[in-house]
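Notes to accompany the following structure.
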2 protein chains.
Amino acid sequence: MFNRHFPPFERHSRLFEKGDLKYVILNLLKDKPSHGYEIIRAMEDTFHGFYTPSAGSVYPTLQMLDDMGYVSSSERDGKKIYTITEEGKKFLKDQKDVIEKIKGQMKDWWGPRDHEEFHESIRELRNLGRLIHQKAHNMAPEKWKDIREAISRSCREIEDIMGKE
Amino acid sequence: MFNRHFPPFERHSRLFEKGDLKYVILNLLKDKPSHGYEIIRAMEDTFHGFYTPSAGSVYPTLQMLDDMGYVSSSERDGKKIYTITEEGKKFLKDQKDVIEKIKGQMKDWWGPRDHEEFHESIRELRNLGRLIHQKAHNMAPEKWKDIREAISRSCREIEDIMGKE
DNA sequence: TGATGGATAACGATATATCGTAACATATCA
DNA sequence: TGATATGTTACGATATATCGTTATCCATCA
């Protein structure tokens with residue numbers, strides 16, 4: 001459902017400050033050698049699905065860390081595993097307070113919150129979107145009119161609640 | 001917003017019959033040599049964004065067509081362009097009625113319909129989802145409760161309309 | 001000091017490819 | 001003939017990587 005016809009979630013602001021991503025990645029690799037994709041997934045989990053780092057930054061950052069000697073990579077079955085080096089571990093230790101600051105920011109961004117409730121409601125919305133998406137291609141005009149009106153009304157109502165301060 | 005925490009649209013049924021995809025792809029290549037990704041996009045456009053073929057089938061099918069000699073590929077800037085061969089054109093011509101049947105099915109799937117209205121309403125839903133997604137991480141509990149209730153009620157209402165026959 | 005320009009890294013789009021899963025058609029068996 | 005098994009391909013997940021865009025920081029200038 002997310003493609004050029006239904007433009008994706010647009011953030012228009014960055015979650016990570018410039019230069020911070022490499023610390024996060026190194027910190028993850030400290031625990032476990034990983035594929036690029038696994039790093040993306042691990043970060044996604046950290047934010048309970050509400051943020052996903054872009055492959056466009058993760059892969060170049062991994063390459064940069066490799067160039068700097070903080071990470072090494074090996075290829076297996078055509079897939080790359082990245083491993084932190086001793087230099088990388090030393091760098092991490094030296095930058096301990098930067099990492100603590102970043103961790104704090106990540107924690108602040110994701111408040112102490114029961115994300116299951118969020119997931120449930122987003123899932124409800126998603127299921128609805130899915131249903132509409134599945135039926136849209138051959139829906140009767142009158143029914144569609146009713147549905148469109150209900151969608152508009154509902155969206156306005158919910159946005160009003162959210163707008164209230 | 002579509003990731004493992006918010007499972008993607010699940011079709012659980014195929015749009016194309018087994019073996020039909022290769023005809024669709026060849027037909028597209030007849031008009032224009034393309035990247036795999038361009039073929040995916042062209043098909044997505046055909047269905048106005050309501051269906052997207054899987055890379056998991058498109059790429060192997062292109063490879064198969066290459067193996068069969070109906071398509072040739074050349075690489076430029078690390079990216080592959082697929083071009084229909086004379087054999088492929090002949091095969092297309094020989095299978096003209098199969099292709100007409102498939103075209104008919106595609107047309108039937110996508111009824112004569114003004115998709116702009118669909119897009120608009122899906123967009124509204126999406127914008128709502130986006131707003132929630134952006135605010136979820138630090139929303140006040142009481143407000144969230146109100147929003148959750150509104151979401152559930154709205155979804156039920158719309159699903160009820162859709163359920164009516 | 002505020003405005004402007006430039007640099008850079010995170011984000012988003014483009015592009016590739018394979019493996020695992022499931023739908024579904026066909027063959028086989030009772 | 002209906003039930004079961006098998007094979008195959010579309011779908012979905014995993015995995016990679018680069019280019020174009022944009023947000024944002026920092027430097028420079030007036």
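Following the order of the structure tokens, first chain is A, next is B, and so on, with residues numbered from 1 inside each chain and ligands from 1 in the order they appear.
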
Chain A residues near chain D (12 Å cut-off, only C-alpha atoms (C1' of nucleotides)) as a PyMOL selection string: chain A and resi 10-19+34-41+55-63+75-81

Go ahead and save the picked residues with N, CA, C and O atoms, as a short mmCIF file (atom, residue, chain, number, x, y, z; two decimals), in the first residue's frame.
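Once written, part.cif looks like this:
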data_model
loop_
_atom_site.label_atom_id
_atom_site.label_comp_id
_atom_site.auth_asym_id
_atom_site.auth_seq_id
_atom_site.Cartn_x
_atom_site.Cartn_y
_atom_site.Cartn_z
N GLU A 10 6.30 10.66 5.72
CA GLU A 10 7.37 11.65 5.54
C GLU A 10 7.68 12.31 6.86
O GLU A 10 6.81 12.91 7.48
N ARG A 11 8.92 12.21 7.25
CA ARG A 11 9.26 12.70 8.57
C ARG A 11 9.62 14.18 8.57
O ARG A 11 9.27 14.91 9.45
N HIS A 12 10.41 14.57 7.57
CA HIS A 12 10.86 15.95 7.48
C HIS A 12 11.60 16.43 8.71
O HIS A 12 11.61 17.59 9.02
N SER A 13 12.19 15.52 9.40
CA SER A 13 13.11 15.89 10.48
C SER A 13 13.81 14.63 10.88
O SER A 13 13.26 13.54 10.80
N ARG A 14 15.00 14.80 11.31
CA ARG A 14 15.83 13.64 11.57
C ARG A 14 15.72 13.17 13.00
O ARG A 14 15.62 13.97 13.91
N LEU A 15 15.81 11.88 13.15
CA LEU A 15 15.82 11.37 14.50
C LEU A 15 17.23 11.47 15.08
O LEU A 15 17.42 11.88 16.22
N PHE A 16 18.21 11.11 14.25
CA PHE A 16 19.59 11.16 14.74
C PHE A 16 20.28 12.45 14.31
O PHE A 16 20.11 12.91 13.20
N GLU A 17 21.07 12.95 15.21
CA GLU A 17 21.90 14.11 14.86
C GLU A 17 23.01 13.65 13.95
O GLU A 17 23.43 12.49 13.98
N LYS A 18 23.49 14.58 13.20
CA LYS A 18 24.55 14.29 12.28
C LYS A 18 25.74 13.68 12.99
O LYS A 18 26.25 14.24 13.96
N GLY A 19 26.15 12.52 12.50
CA GLY A 19 27.32 11.89 13.06
C GLY A 19 27.03 10.89 14.17
O GLY A 19 27.93 10.15 14.58
N SER A 34 26.77 -8.60 12.70
CA SER A 34 25.46 -8.58 12.03
C SER A 34 25.54 -8.23 10.56
O SER A 34 26.49 -7.62 10.09
N HIS A 35 24.50 -8.59 9.84
CA HIS A 35 24.25 -8.07 8.50
C HIS A 35 23.78 -6.63 8.62
O HIS A 35 23.25 -6.24 9.66
N GLY A 36 23.92 -5.90 7.55
CA GLY A 36 23.37 -4.55 7.51
C GLY A 36 21.87 -4.57 7.84
O GLY A 36 21.37 -3.78 8.64
N TYR A 37 21.19 -5.49 7.21
CA TYR A 37 19.75 -5.62 7.41
C TYR A 37 19.41 -5.90 8.88
O TYR A 37 18.42 -5.38 9.41
N GLU A 38 20.23 -6.72 9.54
CA GLU A 38 20.00 -7.04 10.94
C GLU A 38 20.17 -5.81 11.82
O GLU A 38 19.46 -5.65 12.83
N ILE A 39 21.09 -4.95 11.45
CA ILE A 39 21.27 -3.71 12.20
C ILE A 39 20.03 -2.84 12.06
O ILE A 39 19.54 -2.26 13.04
N ILE A 40 19.53 -2.76 10.83
CA ILE A 40 18.31 -1.99 10.59
C ILE A 40 17.17 -2.54 11.43
O ILE A 40 16.43 -1.81 12.08
N ARG A 41 17.07 -3.84 11.45
CA ARG A 41 15.99 -4.47 12.22
C ARG A 41 16.14 -4.26 13.72
O ARG A 41 15.17 -4.05 14.44
N ALA A 55 18.29 2.43 4.91
CA ALA A 55 19.40 1.67 4.33
C ALA A 55 20.39 2.64 3.69
O ALA A 55 21.59 2.38 3.67
N GLY A 56 19.85 3.76 3.19
CA GLY A 56 20.69 4.77 2.54
C GLY A 56 21.72 5.37 3.46
O GLY A 56 22.71 5.94 3.01
N SER A 57 21.51 5.28 4.76
CA SER A 57 22.54 5.78 5.68
C SER A 57 23.27 4.64 6.36
O SER A 57 24.47 4.76 6.63
N VAL A 58 22.58 3.56 6.61
CA VAL A 58 23.22 2.45 7.34
C VAL A 58 24.36 1.83 6.54
O VAL A 58 25.46 1.64 7.07
N TYR A 59 24.11 1.54 5.28
CA TYR A 59 25.16 0.89 4.49
C TYR A 59 26.38 1.79 4.28
O TYR A 59 27.50 1.35 4.47
N PRO A 60 26.18 3.03 3.88
CA PRO A 60 27.37 3.88 3.79
C PRO A 60 28.10 4.07 5.12
O PRO A 60 29.32 4.18 5.15
N THR A 61 27.36 4.10 6.20
CA THR A 61 28.02 4.25 7.50
C THR A 61 28.84 3.01 7.84
O THR A 61 29.96 3.12 8.34
N LEU A 62 28.28 1.85 7.54
CA LEU A 62 29.04 0.63 7.74
C LEU A 62 30.32 0.63 6.92
O LEU A 62 31.39 0.24 7.37
N GLN A 63 30.19 1.07 5.68
CA GLN A 63 31.37 1.13 4.81
C GLN A 63 32.42 2.09 5.37
O GLN A 63 33.62 1.81 5.37
N GLU A 75 32.31 -12.03 3.97
CA GLU A 75 31.17 -12.39 3.14
C GLU A 75 30.90 -13.88 3.24
O GLU A 75 31.81 -14.69 3.18
N ARG A 76 29.64 -14.19 3.42
CA ARG A 76 29.26 -15.60 3.47
C ARG A 76 27.94 -15.78 2.73
O ARG A 76 26.98 -15.08 3.01
N ASP A 77 27.91 -16.73 1.82
CA ASP A 77 26.71 -16.96 1.01
C ASP A 77 26.26 -15.68 0.32
O ASP A 77 25.07 -15.41 0.24
N GLY A 78 27.22 -14.90 -0.14
CA GLY A 78 26.87 -13.68 -0.84
C GLY A 78 26.32 -12.59 0.06
O GLY A 78 25.80 -11.59 -0.43
N LYS A 79 26.42 -12.78 1.37
CA LYS A 79 25.88 -11.79 2.30
C LYS A 79 26.98 -11.34 3.26
O LYS A 79 27.80 -12.13 3.69
N LYS A 80 26.96 -10.09 3.59
CA LYS A 80 28.03 -9.53 4.41
C LYS A 80 27.71 -9.54 5.90
O LYS A 80 26.64 -9.12 6.32
N ILE A 81 28.71 -9.97 6.70
CA ILE A 81 28.61 -9.86 8.15
C ILE A 81 29.63 -8.82 8.59
O ILE A 81 30.79 -8.86 8.20
#

Report the residues of chain B whose backbone DSSP state falls under strand (DSSP E), written as an NGL selection string. :B and (71-76 or 79-84)

Grab the atom CA of A:Pro53 to atom CA of A:Val24 distance for me, in Å with one decimal place.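 Those two atoms sit 10.9 Å apart.
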
Those of chain B in DSSP alpha helix (DSSP H), formatted as a PyMOL selection string: chain B and resi 21-31+36-46+55-67+86-94+96-109+115-135+141-163

Can you pull out the residues contacting A:Thr46? Cut-off 10 Å, using only C-alpha atoms (C1' of nucleotides), and skip same-chain residues under 6 positions away; I want them as a ChimeraX atom specification. /A:40,52,106-107,110

Take the residues just selected and output them with all heavy atoms as a PDB file, in the first residue's frame.
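Now in result20.pdb:
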ATOM      1  N   ILE A  40      19.534  -2.760  10.826  1.00  0.00           N
ATOM      2  CA  ILE A  40      18.309  -1.994  10.590  1.00  0.00           C
ATOM      3  C   ILE A  40      17.167  -2.542  11.430  1.00  0.00           C
ATOM      4  O   ILE A  40      16.426  -1.806  12.081  1.00  0.00           O
ATOM      5  CB  ILE A  40      17.955  -1.997   9.083  1.00  0.00           C
ATOM      6  CG1 ILE A  40      18.976  -1.145   8.315  1.00  0.00           C
ATOM      7  CG2 ILE A  40      16.547  -1.492   8.856  1.00  0.00           C
ATOM      8  CD1 ILE A  40      18.920  -1.289   6.814  1.00  0.00           C
ATOM      9  N   THR A  52      12.513   3.562  11.659  1.00  0.00           N
ATOM     10  CA  THR A  52      13.406   2.621  10.991  1.00  0.00           C
ATOM     11  C   THR A  52      14.513   3.410  10.311  1.00  0.00           C
ATOM     12  O   THR A  52      14.227   4.328   9.553  1.00  0.00           O
ATOM     13  CB  THR A  52      12.642   1.811   9.925  1.00  0.00           C
ATOM     14  OG1 THR A  52      11.560   1.143  10.561  1.00  0.00           O
ATOM     15  CG2 THR A  52      13.537   0.791   9.258  1.00  0.00           C
ATOM     16  N   MET A 106      17.591   8.806  22.762  1.00  0.00           N
ATOM     17  CA  MET A 106      16.738   7.745  22.219  1.00  0.00           C
ATOM     18  C   MET A 106      15.631   7.405  23.219  1.00  0.00           C
ATOM     19  O   MET A 106      14.479   7.229  22.842  1.00  0.00           O
ATOM     20  CB  MET A 106      17.556   6.496  21.891  1.00  0.00           C
ATOM     21  CG  MET A 106      18.329   6.609  20.598  1.00  0.00           C
ATOM     22  SD  MET A 106      19.662   5.401  20.440  1.00  0.00           S
ATOM     23  CE  MET A 106      18.741   3.897  20.164  1.00  0.00           C
ATOM     24  N   LYS A 107      16.030   7.363  24.477  1.00  0.00           N
ATOM     25  CA  LYS A 107      15.078   7.041  25.523  1.00  0.00           C
ATOM     26  C   LYS A 107      14.022   8.147  25.651  1.00  0.00           C
ATOM     27  O   LYS A 107      12.838   7.869  25.826  1.00  0.00           O
ATOM     28  CB  LYS A 107      15.818   6.850  26.847  1.00  0.00           C
ATOM     29  CG  LYS A 107      15.062   6.119  27.919  1.00  0.00           C
ATOM     30  CD  LYS A 107      15.943   5.989  29.156  1.00  0.00           C
ATOM     31  CE  LYS A 107      15.260   5.299  30.292  1.00  0.00           C
ATOM     32  NZ  LYS A 107      14.958   3.894  30.021  1.00  0.00           N
ATOM     33  N   TRP A 110      11.522   7.996  22.828  1.00  0.00           N
ATOM     34  CA  TRP A 110      10.546   6.944  23.072  1.00  0.00           C
ATOM     35  C   TRP A 110      10.268   6.922  24.574  1.00  0.00           C
ATOM     36  O   TRP A 110      10.951   6.288  25.346  1.00  0.00           O
ATOM     37  CB  TRP A 110      11.100   5.605  22.591  1.00  0.00           C
ATOM     38  CG  TRP A 110      10.100   4.529  22.754  1.00  0.00           C
ATOM     39  CD1 TRP A 110      10.126   3.505  23.646  1.00  0.00           C
ATOM     40  CD2 TRP A 110       8.877   4.368  22.027  1.00  0.00           C
ATOM     41  NE1 TRP A 110       9.006   2.735  23.512  1.00  0.00           N
ATOM     42  CE2 TRP A 110       8.232   3.240  22.532  1.00  0.00           C
ATOM     43  CE3 TRP A 110       8.276   5.100  21.011  1.00  0.00           C
ATOM     44  CZ2 TRP A 110       7.001   2.795  22.034  1.00  0.00           C
ATOM     45  CZ3 TRP A 110       7.059   4.647  20.523  1.00  0.00           C
ATOM     46  CH2 TRP A 110       6.442   3.504  21.022  1.00  0.00           C
TER      47      TRP A 110
END

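The chain C residues that come within 8 Å of chain A are DA9, DA10, DC11 and DG12 of chain C, with only C-alpha atoms (C1' of nucleotides) taken into account.
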
Next, the residues of the selection above should be written as a short mmCIF file (atom, residue, chain, number, x, y, z; two decimals), in the first residue's frame with C-alpha atoms (C1' of nucleotides).
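Output file again.cif is given in full below:
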data_model
loop_
_atom_site.label_atom_id
_atom_site.label_comp_id
_atom_site.auth_asym_id
_atom_site.auth_seq_id
_atom_site.Cartn_x
_atom_site.Cartn_y
_atom_site.Cartn_z
"C1'" DA C 9 25.16 12.96 6.83
"C1'" DA C 10 20.37 11.07 7.51
"C1'" DC C 11 16.53 10.20 4.74
"C1'" DG C 12 14.08 8.49 0.76
#

With distances taken over only C-alpha atoms, which of B:Glu100, B:Asp31, B:Glu124, B:Glu142 is nearest to chain A?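 For chain A, the nearest of the candidates is B:Glu124.
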